Amino acid sequence: MSFKDLQLNKPILRAIAEAGYDNPTLVQEKTIPFVLDKRDVIVSAQTGTGKTAAFALPILQSLFDYQDAPKNGKKIKALIVSPTRELAVQILENFKTYSTYTNLRTAVVFGGTSIEPQKDILNKGVDILIATPGRLLDLHKQDLLNLDYVETLVLDEADLMLDMGFIDDVKKIERLCTKEKQILLFSATIPYKVEQLANTILNNPERIEVATNSSTSRNINQVLYYVPKRNKIELCLHLLRNTIKGSILIFRRTKFGVDKLEQTLLKNGYKVESIHGDKTQNLRQEALNKFKNGYVNILIATDVAARGIDINELDAVINFDLPNVPETYVHRIGRTARAGKSGTAYSLCSADEKTYITNIQQLIQLQLDVIEDHPYPLDPKSKPEIHKSKTQGSKHKKGRKSEGSKKKKKRWY
Ligand code: AMP
């Protein structure tokens, strides 16, 4: 199937061609006709499948006739709600690319930065608004935006949105829009709570599923190193010196762990940036840009900070800490070997993480290749290490939370 078969008009087709897209991806092929048909949809697809264009292109096509409304007469006709700021910015970039040859105006609003410039943008009139839930409701409360004309509401990364505690906000946002609107729900996975939300707010939705087993992509080489917990940093340095080259995304479970590894790698002369929930929006965006532009080749991240972010040209993913939720492994490693390229996923497993490996292998129906030839092997009989603080009492515990984390208690990611 070609994009022409999807009934997109010439200005959109031209922009897609300039973006270098030859044919629609599977999720686009399956989703676009229903969106153009004004149906509600539930799409289970991960980042990397082309899901953003799957809603952006038909929205632009449907709004095309409004493009010439005078700026101050523009109403928000499409609203895209995104759980994280980085994802919101990325969605904006996609819309900008695809709408190059239209007069449709897209804007993004999110928390963590000054509200004033966002007010100005809204005042000038936009057709498509991308927003994180908190800031959107803030602006609405202050009567700075009107959702009475929303025809299409997109809930992107719905599972993450609910994991982050936005359920009430999402329901509120849905009620603020008109009853007749179309809702497009995108989610990497469809757990029970997403299903429940869909049942409450969607109207006879079409279900579209795009295989999420990117982990079994033949292009991803998946290798496993058993290593004592205390030697993980040494093994990571050893691999960076001898084995892993190119652009590398390293996952750690905690913000504390991310900071610690970043310091070690910096001391060892590596060009590193990091993202996690305690960093300001500007710092996170800056770090991401430096990584995307190749100014640094290593990015360390927590899962939630990195979810949904589209990073192309990744050579390797390192699971420095293994995730306790096996699906997270699939999300993480799906970021390498995109679009036919090859990549490697390295997993470092300590004694206390062995059960995670069992669950991951069960999920992906694959035995990972165990690399035994390395300087820090784990004794197969070894028991999980119990971390003993050298000092008495809670000093170690106190040090684990950064100042930012203490201040922002509500944020857990
Ligand atoms: P997404 O899943 O929306 O995050 O998209 C992942 C990547 O695929 C982005 O870099 C898009 O620019 C790219 N992309 C989206 N649709 C296509 C397509 N039809 N052909 C080639 N690349 C695409």
# chains A, B, ... in the order shown; residues from 1 in each chain; ligands from 1
$ residues_near_ligand --ligand "ligand 1" --cutoff "9 Å" --atoms "only C-alpha atoms and all ligand atoms" --output "NGL selection string"
:A and (3 or 16 or 19-29 or 45-54 or 87 or 90-91 or 94 or 308-312 or 338-339)
$ closest_atom_pairs --of "range 178-277 of chain A" --to "range 293-298 of chain A" --cutoff "9 Å" --atoms "only C-alpha atoms" --output "CSV"
residue,atom,partner,partner_atom,distance
A:Lys245,CA,A:Asn297,CA,8.9
A:Gly246,CA,A:Asn297,CA,6.5
A:Ser247,CA,A:Asn297,CA,4.6
A:Ile248,CA,A:Ile298,CA,4.9
A:Leu249,CA,A:Ile298,CA,5.9
A:Ile250,CA,A:Ile298,CA,7.3
A:Tyr270,CA,A:Ile298,CA,7.8
A:Lys271,CA,A:Val296,CA,4.8
A:Val272,CA,A:Ile298,CA,4.8
A:Glu273,CA,A:Ile298,CA,6.4
A:Ser274,CA,A:Ile298,CA,8.3
$ select_by_dssp --residues "range 15-205 of chain A" --states "helix (DSSP H, G or I)" --output "ChimeraX atom specification"
/A:15-18,26-36,51-66,71-73,85-98,116-124,133-141,158-163,167-176,192-201
$ residues_around --residues "Val35 in chain A" --least-positions-apart "2" --cutoff "9 Å" --atoms "only C-alpha atoms" --output "number ranges by chain"
A: 31-33, 37-41, 54-55, 58-59, 62, 182, 184
$ select_by_dssp --residues "range 209-275 of chain A" --states "strand (DSSP E or B)" --output "list in words"
Glu209, Ile220, Asn221, Gln222, Val223, Leu224, Tyr225, Tyr226, Ile248, Leu249, Ile250, Phe251, Val272, Glu273, Ser274 and Ile275 of chain A
$ residues_around --residues "range 140-154 of chain A" --least-positions-apart "6" --cutoff "6 Å" --atoms "only C-alpha atoms" --output "list in words"
Ile76, Lys77, Ala78, Leu79, Ile80, Cys177, Thr178, Lys181, Gln182, Ile183, Leu184 and Leu185 of chain A
$ decode --residues "range 216-240 of chain A" --atoms "N, CA, C and O atoms" --output "compact mmCIF listing (two decimals), in the first residue's frame"
# COMPACT_ATOMS: atom_id res chain seq x y z
N THR A 216 11.99 -9.70 19.56
CA THR A 216 12.43 -10.87 18.81
C THR A 216 12.89 -10.47 17.40
O THR A 216 13.16 -11.33 16.58
N SER A 217 12.96 -9.16 17.18
CA SER A 217 13.46 -8.69 15.89
C SER A 217 14.80 -9.38 15.60
O SER A 217 15.68 -9.40 16.46
N ARG A 218 14.89 -9.91 14.43
CA ARG A 218 16.10 -10.69 14.10
C ARG A 218 17.35 -9.82 14.10
O ARG A 218 18.45 -10.28 14.20
N ASN A 219 17.12 -8.50 13.97
CA ASN A 219 18.29 -7.63 13.88
C ASN A 219 18.90 -7.28 15.23
O ASN A 219 19.93 -6.66 15.30
N ILE A 220 18.20 -7.64 16.31
CA ILE A 220 18.76 -7.31 17.63
C ILE A 220 19.49 -8.52 18.19
O ILE A 220 18.92 -9.58 18.39
N ASN A 221 20.76 -8.30 18.41
CA ASN A 221 21.57 -9.33 19.02
C ASN A 221 21.44 -9.14 20.53
O ASN A 221 21.72 -8.07 21.04
N GLN A 222 20.96 -10.16 21.24
CA GLN A 222 20.72 -9.98 22.68
C GLN A 222 21.69 -10.82 23.49
O GLN A 222 21.69 -12.05 23.35
N VAL A 223 22.51 -10.16 24.29
CA VAL A 223 23.50 -10.92 25.06
C VAL A 223 23.39 -10.62 26.55
O VAL A 223 22.93 -9.55 26.96
N LEU A 224 23.84 -11.61 27.32
CA LEU A 224 23.64 -11.56 28.77
C LEU A 224 24.97 -11.82 29.49
O LEU A 224 25.70 -12.75 29.13
N TYR A 225 25.26 -10.98 30.47
CA TYR A 225 26.47 -11.15 31.28
C TYR A 225 26.04 -11.35 32.72
O TYR A 225 25.37 -10.49 33.28
N TYR A 226 26.42 -12.48 33.32
CA TYR A 226 26.20 -12.64 34.76
C TYR A 226 27.38 -11.99 35.46
O TYR A 226 28.54 -12.27 35.12
N VAL A 227 27.10 -11.15 36.43
CA VAL A 227 28.16 -10.37 37.07
C VAL A 227 27.75 -10.03 38.51
O VAL A 227 26.58 -9.74 38.76
N PRO A 228 28.68 -10.09 39.46
CA PRO A 228 28.31 -9.66 40.82
C PRO A 228 27.89 -8.19 40.80
O PRO A 228 28.48 -7.39 40.06
N LYS A 229 26.93 -7.84 41.61
CA LYS A 229 26.40 -6.48 41.62
C LYS A 229 27.52 -5.44 41.78
O LYS A 229 27.55 -4.42 41.10
N ARG A 230 28.47 -5.76 42.71
CA ARG A 230 29.52 -4.77 43.00
C ARG A 230 30.46 -4.55 41.82
O ARG A 230 31.21 -3.58 41.79
N ASN A 231 30.45 -5.47 40.83
CA ASN A 231 31.35 -5.32 39.68
C ASN A 231 30.67 -4.77 38.43
O ASN A 231 31.27 -4.70 37.37
N LYS A 232 29.41 -4.40 38.56
CA LYS A 232 28.69 -3.99 37.34
C LYS A 232 29.35 -2.77 36.68
O LYS A 232 29.46 -2.71 35.46
N ILE A 233 29.77 -1.80 37.50
CA ILE A 233 30.37 -0.61 36.90
C ILE A 233 31.66 -0.97 36.17
O ILE A 233 31.88 -0.54 35.04
N GLU A 234 32.48 -1.83 36.80
CA GLU A 234 33.73 -2.25 36.14
C GLU A 234 33.43 -2.97 34.82
O GLU A 234 34.08 -2.73 33.81
N LEU A 235 32.43 -3.84 34.85
CA LEU A 235 32.10 -4.58 33.63
C LEU A 235 31.60 -3.60 32.55
O LEU A 235 31.98 -3.70 31.38
N CYS A 236 30.81 -2.64 32.97
CA CYS A 236 30.30 -1.66 32.02
C CYS A 236 31.47 -0.89 31.38
O CYS A 236 31.53 -0.74 30.15
N LEU A 237 32.42 -0.48 32.21
CA LEU A 237 33.59 0.24 31.67
C LEU A 237 34.38 -0.66 30.73
O LEU A 237 34.82 -0.24 29.66
N HIS A 238 34.54 -1.91 31.13
CA HIS A 238 35.27 -2.88 30.31
C HIS A 238 34.59 -3.03 28.93
O HIS A 238 35.26 -3.01 27.89
N LEU A 239 33.26 -3.12 28.94
CA LEU A 239 32.54 -3.29 27.67
C LEU A 239 32.65 -2.02 26.81
O LEU A 239 32.82 -2.10 25.60
N LEU A 240 32.58 -0.86 27.47
CA LEU A 240 32.68 0.39 26.70
C LEU A 240 34.07 0.54 26.09
O LEU A 240 34.23 1.05 24.98
